[in-house]
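Q: Below is a structure I'd like to ask you about.
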Amino acid sequence: MAWEAIRCQVHLFLLTRIGLSTEGYLGCIPEEHHALAAALRARDPEAALPPSPPTAATR
């Protein structure tokens with residue numbers, strides 16, 4: 001199953017992201033999931049990339 005192949009990577013990504021900043025995290029999840037689903041439907045790997053983590057300049 002595809003999920004089994006990427007589950008650990010998704011878990012690590014979420015832990016890393018939450019560890020950097022939880023501010024606004026829950027508010028952006030639906031938008032990100034919608035964009036990811038659209039990228040998957042379009043078979044657009046560039047659009048499916050996760051957003052860059054916040055930097056010191058954007059925090």
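Chain labels A, B, ... are given in the sequence in which chains occur in the structure tokens; within each chain residues are numbered consecutively from 1, and ligands are likewise numbered from 1 in the order shown.
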List as a ChimeraX atom specification the protein and nucleic acid residues near Leu36 in chain A, meaning an atom at most 10 Å away when only C-alpha atoms are counted, but skip any in the same chain fewer than 5 places from it.
A: /A:30-31,41-42,44-45,47-50
Q: Those same residues, written as a PDB file, in the first residue's frame with N, CA, C and O atoms?
A:
ATOM      1  N   PRO A  30      -6.467  22.794   6.183  1.00  0.00           N
ATOM      2  CA  PRO A  30      -7.429  22.519   5.101  1.00  0.00           C
ATOM      3  C   PRO A  30      -6.972  23.063   3.749  1.00  0.00           C
ATOM      4  O   PRO A  30      -7.081  22.370   2.729  1.00  0.00           O
ATOM      5  N   GLU A  31      -6.420  24.261   3.726  1.00  0.00           N
ATOM      6  CA  GLU A  31      -5.947  24.853   2.476  1.00  0.00           C
ATOM      7  C   GLU A  31      -4.806  24.032   1.876  1.00  0.00           C
ATOM      8  O   GLU A  31      -4.771  23.772   0.674  1.00  0.00           O
ATOM      9  N   ARG A  41      -4.099  15.215  -8.223  1.00  0.00           N
ATOM     10  CA  ARG A  41      -5.015  14.968  -9.344  1.00  0.00           C
ATOM     11  C   ARG A  41      -4.400  15.430 -10.667  1.00  0.00           C
ATOM     12  O   ARG A  41      -4.577  14.804 -11.700  1.00  0.00           O
ATOM     13  N   ALA A  42      -3.676  16.546 -10.621  1.00  0.00           N
ATOM     14  CA  ALA A  42      -3.053  17.098 -11.826  1.00  0.00           C
ATOM     15  C   ALA A  42      -1.732  16.402 -12.164  1.00  0.00           C
ATOM     16  O   ALA A  42      -1.140  16.688 -13.197  1.00  0.00           O
ATOM     17  N   ASP A  44       1.099  16.887 -10.734  1.00  0.00           N
ATOM     18  CA  ASP A  44       2.083  17.975 -10.768  1.00  0.00           C
ATOM     19  C   ASP A  44       2.996  17.854  -9.558  1.00  0.00           C
ATOM     20  O   ASP A  44       2.676  18.325  -8.475  1.00  0.00           O
ATOM     21  N   PRO A  45       4.178  17.227  -9.700  1.00  0.00           N
ATOM     22  CA  PRO A  45       5.056  17.015  -8.545  1.00  0.00           C
ATOM     23  C   PRO A  45       5.560  18.312  -7.919  1.00  0.00           C
ATOM     24  O   PRO A  45       5.755  18.382  -6.718  1.00  0.00           O
ATOM     25  N   ALA A  47       3.938  21.175  -7.611  1.00  0.00           N
ATOM     26  CA  ALA A  47       2.866  21.737  -6.786  1.00  0.00           C
ATOM     27  C   ALA A  47       2.631  20.912  -5.527  1.00  0.00           C
ATOM     28  O   ALA A  47       2.070  21.409  -4.555  1.00  0.00           O
ATOM     29  N   ALA A  48       3.056  19.663  -5.536  1.00  0.00           N
ATOM     30  CA  ALA A  48       2.840  18.779  -4.389  1.00  0.00           C
ATOM     31  C   ALA A  48       3.918  18.915  -3.321  1.00  0.00           C
ATOM     32  O   ALA A  48       3.807  18.325  -2.258  1.00  0.00           O
ATOM     33  N   LEU A  49       4.964  19.702  -3.588  1.00  0.00           N
ATOM     34  CA  LEU A  49       6.022  19.871  -2.598  1.00  0.00           C
ATOM     35  C   LEU A  49       5.504  20.605  -1.379  1.00  0.00           C
ATOM     36  O   LEU A  49       4.690  21.529  -1.505  1.00  0.00           O
ATOM     37  N   PRO A  50       5.964  20.222  -0.185  1.00  0.00           N
ATOM     38  CA  PRO A  50       5.507  20.925   1.016  1.00  0.00           C
ATOM     39  C   PRO A  50       6.047  22.352   1.023  1.00  0.00           C
ATOM     40  O   PRO A  50       7.087  22.640   0.435  1.00  0.00           O
TER      41      PRO A  50
END
Q: CA of Met1 in chain A and CA of Leu15 in chain A, how far apart in Å?
A: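 Distance reported for this atom pair: 22.6 Å.
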Q: Just give me the gap between CA of Ala38 in chain A and CA of Ile6 in chain A in Å, one decimal is fine.
A: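 Answer for the CA of Ala38 in chain A to CA of Ile6 in chain A separation: 18.8 Å.
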Q: Taking only chain A into account, list the residues labelled alpha helix (DSSP H) by DSSP (computed from the backbone), as a PDB file with all heavy atoms, in the first residue's frame.
A:
ATOM      1  N   ALA A   2       0.495   2.262  -0.741  1.00  0.00           N
ATOM      2  CA  ALA A   2       1.300   3.484  -0.875  1.00  0.00           C
ATOM      3  C   ALA A   2       1.495   4.182   0.469  1.00  0.00           C
ATOM      4  O   ALA A   2       2.580   4.700   0.754  1.00  0.00           O
ATOM      5  CB  ALA A   2       0.642   4.430  -1.877  1.00  0.00           C
ATOM      6  N   TRP A   3       0.460   4.206   1.293  1.00  0.00           N
ATOM      7  CA  TRP A   3       0.566   4.895   2.583  1.00  0.00           C
ATOM      8  C   TRP A   3       1.675   4.287   3.442  1.00  0.00           C
ATOM      9  O   TRP A   3       2.431   5.004   4.084  1.00  0.00           O
ATOM     10  CB  TRP A   3      -0.763   4.868   3.323  1.00  0.00           C
ATOM     11  CG  TRP A   3      -0.658   5.391   4.716  1.00  0.00           C
ATOM     12  CD1 TRP A   3      -0.841   4.693   5.865  1.00  0.00           C
ATOM     13  CD2 TRP A   3      -0.308   6.729   5.116  1.00  0.00           C
ATOM     14  NE1 TRP A   3      -0.635   5.503   6.961  1.00  0.00           N
ATOM     15  CE2 TRP A   3      -0.304   6.769   6.523  1.00  0.00           C
ATOM     16  CE3 TRP A   3       0.005   7.892   4.430  1.00  0.00           C
ATOM     17  CZ2 TRP A   3      -0.004   7.906   7.250  1.00  0.00           C
ATOM     18  CZ3 TRP A   3       0.307   9.036   5.155  1.00  0.00           C
ATOM     19  CH2 TRP A   3       0.290   9.038   6.547  1.00  0.00           C
ATOM     20  N   GLU A   4       1.791   2.993   3.445  1.00  0.00           N
ATOM     21  CA  GLU A   4       2.830   2.329   4.228  1.00  0.00           C
ATOM     22  C   GLU A   4       4.225   2.776   3.784  1.00  0.00           C
ATOM     23  O   GLU A   4       5.139   2.865   4.596  1.00  0.00           O
ATOM     24  CB  GLU A   4       2.703   0.808   4.114  1.00  0.00           C
ATOM     25  CG  GLU A   4       1.436   0.249   4.734  1.00  0.00           C
ATOM     26  CD  GLU A   4       1.356   0.484   6.236  1.00  0.00           C
ATOM     27  OE1 GLU A   4       2.400   0.429   6.915  1.00  0.00           O
ATOM     28  OE2 GLU A   4       0.244   0.739   6.725  1.00  0.00           O
ATOM     29  N   ALA A   5       4.376   3.074   2.505  1.00  0.00           N
ATOM     30  CA  ALA A   5       5.675   3.475   1.974  1.00  0.00           C
ATOM     31  C   ALA A   5       6.079   4.881   2.416  1.00  0.00           C
ATOM     32  O   ALA A   5       7.260   5.175   2.540  1.00  0.00           O
ATOM     33  CB  ALA A   5       5.666   3.392   0.450  1.00  0.00           C
ATOM     34  N   ILE A   6       5.103   5.750   2.665  1.00  0.00           N
ATOM     35  CA  ILE A   6       5.433   7.149   2.997  1.00  0.00           C
ATOM     36  C   ILE A   6       5.052   7.555   4.419  1.00  0.00           C
ATOM     37  O   ILE A   6       5.311   8.673   4.828  1.00  0.00           O
ATOM     38  CB  ILE A   6       4.786   8.132   1.994  1.00  0.00           C
ATOM     39  CG1 ILE A   6       3.261   8.079   2.087  1.00  0.00           C
ATOM     40  CG2 ILE A   6       5.280   7.871   0.589  1.00  0.00           C
ATOM     41  CD1 ILE A   6       2.569   9.200   1.357  1.00  0.00           C
ATOM     42  N   ARG A   7       4.455   6.653   5.163  1.00  0.00           N
ATOM     43  CA  ARG A   7       3.953   6.996   6.494  1.00  0.00           C
ATOM     44  C   ARG A   7       5.024   7.589   7.405  1.00  0.00           C
ATOM     45  O   ARG A   7       4.807   8.608   8.057  1.00  0.00           O
ATOM     46  CB  ARG A   7       3.326   5.768   7.142  1.00  0.00           C
ATOM     47  CG  ARG A   7       2.648   6.074   8.454  1.00  0.00           C
ATOM     48  CD  ARG A   7       1.857   4.892   8.887  1.00  0.00           C
ATOM     49  NE  ARG A   7       2.688   4.101   9.778  1.00  0.00           N
ATOM     50  CZ  ARG A   7       2.316   2.943  10.284  1.00  0.00           C
ATOM     51  NH1 ARG A   7       1.163   2.416   9.948  1.00  0.00           N
ATOM     52  NH2 ARG A   7       3.098   2.301  11.101  1.00  0.00           N
ATOM     53  N   CYS A   8       6.193   6.992   7.445  1.00  0.00           N
ATOM     54  CA  CYS A   8       7.263   7.487   8.319  1.00  0.00           C
ATOM     55  C   CYS A   8       7.722   8.882   7.898  1.00  0.00           C
ATOM     56  O   CYS A   8       7.973   9.736   8.743  1.00  0.00           O
ATOM     57  CB  CYS A   8       8.446   6.529   8.320  1.00  0.00           C
ATOM     58  SG  CYS A   8       8.082   4.983   9.162  1.00  0.00           S
ATOM     59  N   GLN A   9       7.808   9.119   6.592  1.00  0.00           N
ATOM     60  CA  GLN A   9       8.226  10.435   6.114  1.00  0.00           C
ATOM     61  C   GLN A   9       7.198  11.502   6.466  1.00  0.00           C
ATOM     62  O   GLN A   9       7.552  12.616   6.852  1.00  0.00           O
ATOM     63  CB  GLN A   9       8.459  10.425   4.588  1.00  0.00           C
ATOM     64  CG  GLN A   9       9.672   9.653   4.171  1.00  0.00           C
ATOM     65  CD  GLN A   9       9.391   8.162   3.963  1.00  0.00           C
ATOM     66  OE1 GLN A   9       8.341   7.664   4.290  1.00  0.00           O
ATOM     67  NE2 GLN A   9      10.359   7.473   3.400  1.00  0.00           N
ATOM     68  N   VAL A  10       5.916  11.179   6.329  1.00  0.00           N
ATOM     69  CA  VAL A  10       4.856  12.131   6.675  1.00  0.00           C
ATOM     70  C   VAL A  10       4.909  12.434   8.168  1.00  0.00           C
ATOM     71  O   VAL A  10       4.803  13.587   8.585  1.00  0.00           O
ATOM     72  CB  VAL A  10       3.468  11.595   6.255  1.00  0.00           C
ATOM     73  CG1 VAL A  10       2.348  12.453   6.816  1.00  0.00           C
ATOM     74  CG2 VAL A  10       3.375  11.505   4.737  1.00  0.00           C
ATOM     75  N   HIS A  11       5.090  11.412   8.971  1.00  0.00           N
ATOM     76  CA  HIS A  11       5.159  11.588  10.417  1.00  0.00           C
ATOM     77  C   HIS A  11       6.335  12.498  10.790  1.00  0.00           C
ATOM     78  O   HIS A  11       6.198  13.427  11.595  1.00  0.00           O
ATOM     79  CB  HIS A  11       5.280  10.232  11.100  1.00  0.00           C
ATOM     80  CG  HIS A  11       5.208  10.294  12.587  1.00  0.00           C
ATOM     81  ND1 HIS A  11       6.217   9.837  13.389  1.00  0.00           N
ATOM     82  CD2 HIS A  11       4.263  10.787  13.415  1.00  0.00           C
ATOM     83  CE1 HIS A  11       5.894  10.042  14.657  1.00  0.00           C
ATOM     84  NE2 HIS A  11       4.717  10.621  14.694  1.00  0.00           N
ATOM     85  N   LEU A  12       7.486  12.243  10.200  1.00  0.00           N
ATOM     86  CA  LEU A  12       8.660  13.070  10.466  1.00  0.00           C
ATOM     87  C   LEU A  12       8.431  14.516  10.029  1.00  0.00           C
ATOM     88  O   LEU A  12       8.784  15.456  10.734  1.00  0.00           O
ATOM     89  CB  LEU A  12       9.888  12.494   9.760  1.00  0.00           C
ATOM     90  CG  LEU A  12      11.194  13.264   9.952  1.00  0.00           C
ATOM     91  CD1 LEU A  12      11.568  13.352  11.428  1.00  0.00           C
ATOM     92  CD2 LEU A  12      12.308  12.606   9.159  1.00  0.00           C
ATOM     93  N   PHE A  13       7.834  14.706   8.866  1.00  0.00           N
ATOM     94  CA  PHE A  13       7.525  16.050   8.381  1.00  0.00           C
ATOM     95  C   PHE A  13       6.625  16.789   9.369  1.00  0.00           C
ATOM     96  O   PHE A  13       6.878  17.939   9.722  1.00  0.00           O
ATOM     97  CB  PHE A  13       6.854  15.995   7.003  1.00  0.00           C
ATOM     98  CG  PHE A  13       6.272  17.305   6.591  1.00  0.00           C
ATOM     99  CD1 PHE A  13       7.093  18.344   6.172  1.00  0.00           C
ATOM    100  CD2 PHE A  13       4.906  17.512   6.632  1.00  0.00           C
ATOM    101  CE1 PHE A  13       6.556  19.565   5.791  1.00  0.00           C
ATOM    102  CE2 PHE A  13       4.361  18.730   6.264  1.00  0.00           C
ATOM    103  CZ  PHE A  13       5.189  19.758   5.841  1.00  0.00           C
ATOM    104  N   LEU A  14       5.576  16.120   9.831  1.00  0.00           N
ATOM    105  CA  LEU A  14       4.655  16.772  10.771  1.00  0.00           C
ATOM    106  C   LEU A  14       5.343  17.109  12.087  1.00  0.00           C
ATOM    107  O   LEU A  14       5.147  18.194  12.637  1.00  0.00           O
ATOM    108  CB  LEU A  14       3.429  15.888  11.009  1.00  0.00           C
ATOM    109  CG  LEU A  14       2.499  15.732   9.806  1.00  0.00           C
ATOM    110  CD1 LEU A  14       1.424  14.707  10.105  1.00  0.00           C
ATOM    111  CD2 LEU A  14       1.898  17.062   9.415  1.00  0.00           C
ATOM    112  N   LEU A  15       6.141  16.211  12.597  1.00  0.00           N
ATOM    113  CA  LEU A  15       6.867  16.485  13.844  1.00  0.00           C
ATOM    114  C   LEU A  15       7.832  17.657  13.673  1.00  0.00           C
ATOM    115  O   LEU A  15       7.936  18.523  14.540  1.00  0.00           O
ATOM    116  CB  LEU A  15       7.644  15.249  14.298  1.00  0.00           C
ATOM    117  CG  LEU A  15       6.826  14.095  14.835  1.00  0.00           C
ATOM    118  CD1 LEU A  15       7.728  12.908  15.135  1.00  0.00           C
ATOM    119  CD2 LEU A  15       6.042  14.503  16.062  1.00  0.00           C
ATOM    120  N   THR A  16       8.508  17.699  12.536  1.00  0.00           N
ATOM    121  CA  THR A  16       9.448  18.790  12.268  1.00  0.00           C
ATOM    122  C   THR A  16       8.710  20.108  12.148  1.00  0.00           C
ATOM    123  O   THR A  16       9.110  21.115  12.722  1.00  0.00           O
ATOM    124  CB  THR A  16      10.240  18.505  10.973  1.00  0.00           C
ATOM    125  OG1 THR A  16      10.926  17.266  11.133  1.00  0.00           O
ATOM    126  CG2 THR A  16      11.231  19.608  10.679  1.00  0.00           C
ATOM    127  N   ARG A  17       7.635  20.099  11.417  1.00  0.00           N
ATOM    128  CA  ARG A  17       6.877  21.329  11.205  1.00  0.00           C
ATOM    129  C   ARG A  17       6.289  21.852  12.509  1.00  0.00           C
ATOM    130  O   ARG A  17       6.381  23.036  12.810  1.00  0.00           O
ATOM    131  CB  ARG A  17       5.773  21.079  10.195  1.00  0.00           C
ATOM    132  CG  ARG A  17       4.984  22.326   9.947  1.00  0.00           C
ATOM    133  CD  ARG A  17       4.075  22.156   8.812  1.00  0.00           C
ATOM    134  NE  ARG A  17       3.361  23.404   8.642  1.00  0.00           N
ATOM    135  CZ  ARG A  17       2.582  23.649   7.656  1.00  0.00           C
ATOM    136  NH1 ARG A  17       2.404  22.750   6.741  1.00  0.00           N
ATOM    137  NH2 ARG A  17       1.956  24.796   7.574  1.00  0.00           N
ATOM    138  N   ILE A  18       5.688  20.988  13.261  1.00  0.00           N
ATOM    139  CA  ILE A  18       5.093  21.407  14.538  1.00  0.00           C
ATOM    140  C   ILE A  18       6.186  21.868  15.494  1.00  0.00           C
ATOM    141  O   ILE A  18       5.996  22.804  16.255  1.00  0.00           O
ATOM    142  CB  ILE A  18       4.250  20.261  15.143  1.00  0.00           C
ATOM    143  CG1 ILE A  18       3.010  20.024  14.282  1.00  0.00           C
ATOM    144  CG2 ILE A  18       3.853  20.569  16.571  1.00  0.00           C
ATOM    145  CD1 ILE A  18       2.258  18.754  14.616  1.00  0.00           C
ATOM    146  N   GLY A  19       7.351  21.228  15.432  1.00  0.00           N
ATOM    147  CA  GLY A  19       8.466  21.622  16.289  1.00  0.00           C
ATOM    148  C   GLY A  19       8.987  23.007  15.976  1.00  0.00           C
ATOM    149  O   GLY A  19       9.494  23.706  16.855  1.00  0.00           O
ATOM    150  N   LEU A  20       8.876  23.432  14.713  1.00  0.00           N
ATOM    151  CA  LEU A  20       9.349  24.759  14.330  1.00  0.00           C
ATOM    152  C   LEU A  20       8.396  25.843  14.799  1.00  0.00           C
ATOM    153  O   LEU A  20       8.815  26.875  15.294  1.00  0.00           O
ATOM    154  CB  LEU A  20       9.520  24.847  12.808  1.00  0.00           C
ATOM    155  CG  LEU A  20      10.656  24.021  12.225  1.00  0.00           C
ATOM    156  CD1 LEU A  20      10.612  24.072  10.700  1.00  0.00           C
ATOM    157  CD2 LEU A  20      11.994  24.538  12.721  1.00  0.00           C
ATOM    158  N   TYR A  25      -0.892  26.834  12.604  1.00  0.00           N
ATOM    159  CA  TYR A  25      -0.785  25.508  11.982  1.00  0.00           C
ATOM    160  C   TYR A  25      -2.149  24.916  11.652  1.00  0.00           C
ATOM    161  O   TYR A  25      -2.401  24.499  10.519  1.00  0.00           O
ATOM    162  CB  TYR A  25       0.010  24.580  12.885  1.00  0.00           C
ATOM    163  CG  TYR A  25       0.175  23.198  12.320  1.00  0.00           C
ATOM    164  CD1 TYR A  25       1.020  22.971  11.249  1.00  0.00           C
ATOM    165  CD2 TYR A  25      -0.516  22.112  12.845  1.00  0.00           C
ATOM    166  CE1 TYR A  25       1.183  21.713  10.710  1.00  0.00           C
ATOM    167  CE2 TYR A  25      -0.364  20.848  12.316  1.00  0.00           C
ATOM    168  CZ  TYR A  25       0.484  20.658  11.255  1.00  0.00           C
ATOM    169  OH  TYR A  25       0.621  19.408  10.720  1.00  0.00           O
ATOM    170  N   LEU A  26      -3.045  24.874  12.640  1.00  0.00           N
ATOM    171  CA  LEU A  26      -4.349  24.259  12.400  1.00  0.00           C
ATOM    172  C   LEU A  26      -5.173  25.026  11.389  1.00  0.00           C
ATOM    173  O   LEU A  26      -5.961  24.446  10.648  1.00  0.00           O
ATOM    174  CB  LEU A  26      -5.113  24.108  13.716  1.00  0.00           C
ATOM    175  CG  LEU A  26      -4.515  23.114  14.711  1.00  0.00           C
ATOM    176  CD1 LEU A  26      -5.328  23.092  15.997  1.00  0.00           C
ATOM    177  CD2 LEU A  26      -4.435  21.724  14.109  1.00  0.00           C
ATOM    178  N   GLY A  27      -4.993  26.330  11.314  1.00  0.00           N
ATOM    179  CA  GLY A  27      -5.749  27.137  10.377  1.00  0.00           C
ATOM    180  C   GLY A  27      -5.369  26.916   8.928  1.00  0.00           C
ATOM    181  O   GLY A  27      -6.178  27.117   8.026  1.00  0.00           O
ATOM    182  N   CYS A  28      -4.143  26.481   8.678  1.00  0.00           N
ATOM    183  CA  CYS A  28      -3.685  26.328   7.290  1.00  0.00           C
ATOM    184  C   CYS A  28      -3.822  24.907   6.760  1.00  0.00           C
ATOM    185  O   CYS A  28      -3.671  24.681   5.561  1.00  0.00           O
ATOM    186  CB  CYS A  28      -2.242  26.807   7.147  1.00  0.00           C
ATOM    187  SG  CYS A  28      -1.023  25.763   7.963  1.00  0.00           S
ATOM    188  N   ILE A  29      -4.125  23.952   7.615  1.00  0.00           N
ATOM    189  CA  ILE A  29      -4.188  22.555   7.179  1.00  0.00           C
ATOM    190  C   ILE A  29      -5.210  22.325   6.062  1.00  0.00           C
ATOM    191  O   ILE A  29      -4.864  21.715   5.044  1.00  0.00           O
ATOM    192  CB  ILE A  29      -4.453  21.607   8.366  1.00  0.00           C
ATOM    193  CG1 ILE A  29      -3.213  21.560   9.247  1.00  0.00           C
ATOM    194  CG2 ILE A  29      -4.795  20.196   7.888  1.00  0.00           C
ATOM    195  CD1 ILE A  29      -3.398  20.771  10.511  1.00  0.00           C
ATOM    196  N   PRO A  30      -6.467  22.794   6.183  1.00  0.00           N
ATOM    197  CA  PRO A  30      -7.429  22.519   5.101  1.00  0.00           C
ATOM    198  C   PRO A  30      -6.972  23.063   3.749  1.00  0.00           C
ATOM    199  O   PRO A  30      -7.081  22.370   2.729  1.00  0.00           O
ATOM    200  CB  PRO A  30      -8.710  23.208   5.571  1.00  0.00           C
ATOM    201  CG  PRO A  30      -8.583  23.260   7.057  1.00  0.00           C
ATOM    202  CD  PRO A  30      -7.114  23.455   7.311  1.00  0.00           C
ATOM    203  N   GLU A  31      -6.420  24.261   3.726  1.00  0.00           N
ATOM    204  CA  GLU A  31      -5.947  24.853   2.476  1.00  0.00           C
ATOM    205  C   GLU A  31      -4.806  24.032   1.876  1.00  0.00           C
ATOM    206  O   GLU A  31      -4.771  23.772   0.674  1.00  0.00           O
ATOM    207  CB  GLU A  31      -5.491  26.287   2.710  1.00  0.00           C
ATOM    208  CG  GLU A  31      -5.027  26.986   1.455  1.00  0.00           C
ATOM    209  CD  GLU A  31      -4.559  28.402   1.732  1.00  0.00           C
ATOM    210  OE1 GLU A  31      -5.087  29.037   2.663  1.00  0.00           O
ATOM    211  OE2 GLU A  31      -3.648  28.854   1.017  1.00  0.00           O
ATOM    212  N   GLU A  32      -3.866  23.614   2.731  1.00  0.00           N
ATOM    213  CA  GLU A  32      -2.746  22.816   2.247  1.00  0.00           C
ATOM    214  C   GLU A  32      -3.212  21.466   1.711  1.00  0.00           C
ATOM    215  O   GLU A  32      -2.729  21.006   0.685  1.00  0.00           O
ATOM    216  CB  GLU A  32      -1.716  22.611   3.350  1.00  0.00           C
ATOM    217  CG  GLU A  32      -0.927  23.847   3.667  1.00  0.00           C
ATOM    218  CD  GLU A  32       0.120  23.605   4.738  1.00  0.00           C
ATOM    219  OE1 GLU A  32       0.286  22.449   5.182  1.00  0.00           O
ATOM    220  OE2 GLU A  32       0.763  24.581   5.133  1.00  0.00           O
ATOM    221  N   HIS A  33      -4.139  20.838   2.388  1.00  0.00           N
ATOM    222  CA  HIS A  33      -4.627  19.536   1.936  1.00  0.00           C
ATOM    223  C   HIS A  33      -5.368  19.682   0.609  1.00  0.00           C
ATOM    224  O   HIS A  33      -5.234  18.825  -0.272  1.00  0.00           O
ATOM    225  CB  HIS A  33      -5.530  18.907   2.985  1.00  0.00           C
ATOM    226  CG  HIS A  33      -4.762  18.307   4.118  1.00  0.00           C
ATOM    227  ND1 HIS A  33      -5.286  17.338   4.937  1.00  0.00           N
ATOM    228  CD2 HIS A  33      -3.498  18.520   4.558  1.00  0.00           C
ATOM    229  CE1 HIS A  33      -4.380  16.980   5.842  1.00  0.00           C
ATOM    230  NE2 HIS A  33      -3.297  17.692   5.623  1.00  0.00           N
ATOM    231  N   HIS A  34      -6.141  20.748   0.479  1.00  0.00           N
ATOM    232  CA  HIS A  34      -6.857  20.986  -0.771  1.00  0.00           C
ATOM    233  C   HIS A  34      -5.864  21.171  -1.918  1.00  0.00           C
ATOM    234  O   HIS A  34      -6.027  20.593  -2.994  1.00  0.00           O
ATOM    235  CB  HIS A  34      -7.757  22.216  -0.625  1.00  0.00           C
ATOM    236  CG  HIS A  34      -8.632  22.461  -1.797  1.00  0.00           C
ATOM    237  ND1 HIS A  34      -9.724  21.685  -2.083  1.00  0.00           N
ATOM    238  CD2 HIS A  34      -8.556  23.397  -2.773  1.00  0.00           C
ATOM    239  CE1 HIS A  34     -10.290  22.127  -3.177  1.00  0.00           C
ATOM    240  NE2 HIS A  34      -9.608  23.164  -3.632  1.00  0.00           N
ATOM    241  N   ALA A  35      -4.819  21.973  -1.677  1.00  0.00           N
ATOM    242  CA  ALA A  35      -3.800  22.208  -2.704  1.00  0.00           C
ATOM    243  C   ALA A  35      -3.048  20.915  -3.043  1.00  0.00           C
ATOM    244  O   ALA A  35      -2.757  20.648  -4.217  1.00  0.00           O
ATOM    245  CB  ALA A  35      -2.827  23.285  -2.243  1.00  0.00           C
ATOM    246  N   LEU A  36      -2.748  20.112  -2.035  1.00  0.00           N
ATOM    247  CA  LEU A  36      -2.051  18.852  -2.274  1.00  0.00           C
ATOM    248  C   LEU A  36      -2.916  17.894  -3.089  1.00  0.00           C
ATOM    249  O   LEU A  36      -2.441  17.265  -4.037  1.00  0.00           O
ATOM    250  CB  LEU A  36      -1.639  18.199  -0.955  1.00  0.00           C
ATOM    251  CG  LEU A  36      -0.907  16.869  -1.065  1.00  0.00           C
ATOM    252  CD1 LEU A  36       0.344  16.992  -1.915  1.00  0.00           C
ATOM    253  CD2 LEU A  36      -0.561  16.346   0.319  1.00  0.00           C
ATOM    254  N   ALA A  37      -4.189  17.800  -2.744  1.00  0.00           N
ATOM    255  CA  ALA A  37      -5.096  16.927  -3.498  1.00  0.00           C
ATOM    256  C   ALA A  37      -5.196  17.384  -4.952  1.00  0.00           C
ATOM    257  O   ALA A  37      -5.190  16.560  -5.873  1.00  0.00           O
ATOM    258  CB  ALA A  37      -6.477  16.911  -2.851  1.00  0.00           C
ATOM    259  N   ALA A  38      -5.255  18.690  -5.175  1.00  0.00           N
ATOM    260  CA  ALA A  38      -5.315  19.219  -6.540  1.00  0.00           C
ATOM    261  C   ALA A  38      -4.033  18.890  -7.299  1.00  0.00           C
ATOM    262  O   ALA A  38      -4.076  18.517  -8.482  1.00  0.00           O
ATOM    263  CB  ALA A  38      -5.553  20.725  -6.515  1.00  0.00           C
ATOM    264  N   ALA A  39      -2.879  19.009  -6.637  1.00  0.00           N
ATOM    265  CA  ALA A  39      -1.599  18.689  -7.277  1.00  0.00           C
ATOM    266  C   ALA A  39      -1.521  17.205  -7.631  1.00  0.00           C
ATOM    267  O   ALA A  39      -1.034  16.841  -8.702  1.00  0.00           O
ATOM    268  CB  ALA A  39      -0.440  19.079  -6.365  1.00  0.00           C
ATOM    269  N   LEU A  40      -2.008  16.370  -6.747  1.00  0.00           N
ATOM    270  CA  LEU A  40      -2.003  14.930  -7.022  1.00  0.00           C
ATOM    271  C   LEU A  40      -2.916  14.588  -8.191  1.00  0.00           C
ATOM    272  O   LEU A  40      -2.552  13.797  -9.066  1.00  0.00           O
ATOM    273  CB  LEU A  40      -2.412  14.149  -5.774  1.00  0.00           C
ATOM    274  CG  LEU A  40      -1.405  14.174  -4.632  1.00  0.00           C
ATOM    275  CD1 LEU A  40      -2.022  13.578  -3.373  1.00  0.00           C
ATOM    276  CD2 LEU A  40      -0.132  13.452  -5.010  1.00  0.00           C
ATOM    277  N   ARG A  41      -4.099  15.215  -8.223  1.00  0.00           N
ATOM    278  CA  ARG A  41      -5.015  14.968  -9.344  1.00  0.00           C
ATOM    279  C   ARG A  41      -4.400  15.430 -10.667  1.00  0.00           C
ATOM    280  O   ARG A  41      -4.577  14.804 -11.700  1.00  0.00           O
ATOM    281  CB  ARG A  41      -6.358  15.679  -9.116  1.00  0.00           C
ATOM    282  CG  ARG A  41      -7.282  14.942  -8.165  1.00  0.00           C
ATOM    283  CD  ARG A  41      -8.688  15.511  -8.202  1.00  0.00           C
ATOM    284  NE  ARG A  41      -8.744  16.881  -7.761  1.00  0.00           N
ATOM    285  CZ  ARG A  41      -8.846  17.294  -6.501  1.00  0.00           C
ATOM    286  NH1 ARG A  41      -8.925  16.394  -5.533  1.00  0.00           N
ATOM    287  NH2 ARG A  41      -8.889  18.566  -6.197  1.00  0.00           N
ATOM    288  N   ALA A  42      -3.676  16.546 -10.621  1.00  0.00           N
ATOM    289  CA  ALA A  42      -3.053  17.098 -11.826  1.00  0.00           C
ATOM    290  C   ALA A  42      -1.732  16.402 -12.164  1.00  0.00           C
ATOM    291  O   ALA A  42      -1.140  16.688 -13.197  1.00  0.00           O
ATOM    292  CB  ALA A  42      -2.814  18.588 -11.639  1.00  0.00           C
TER     293      ALA A  42
END
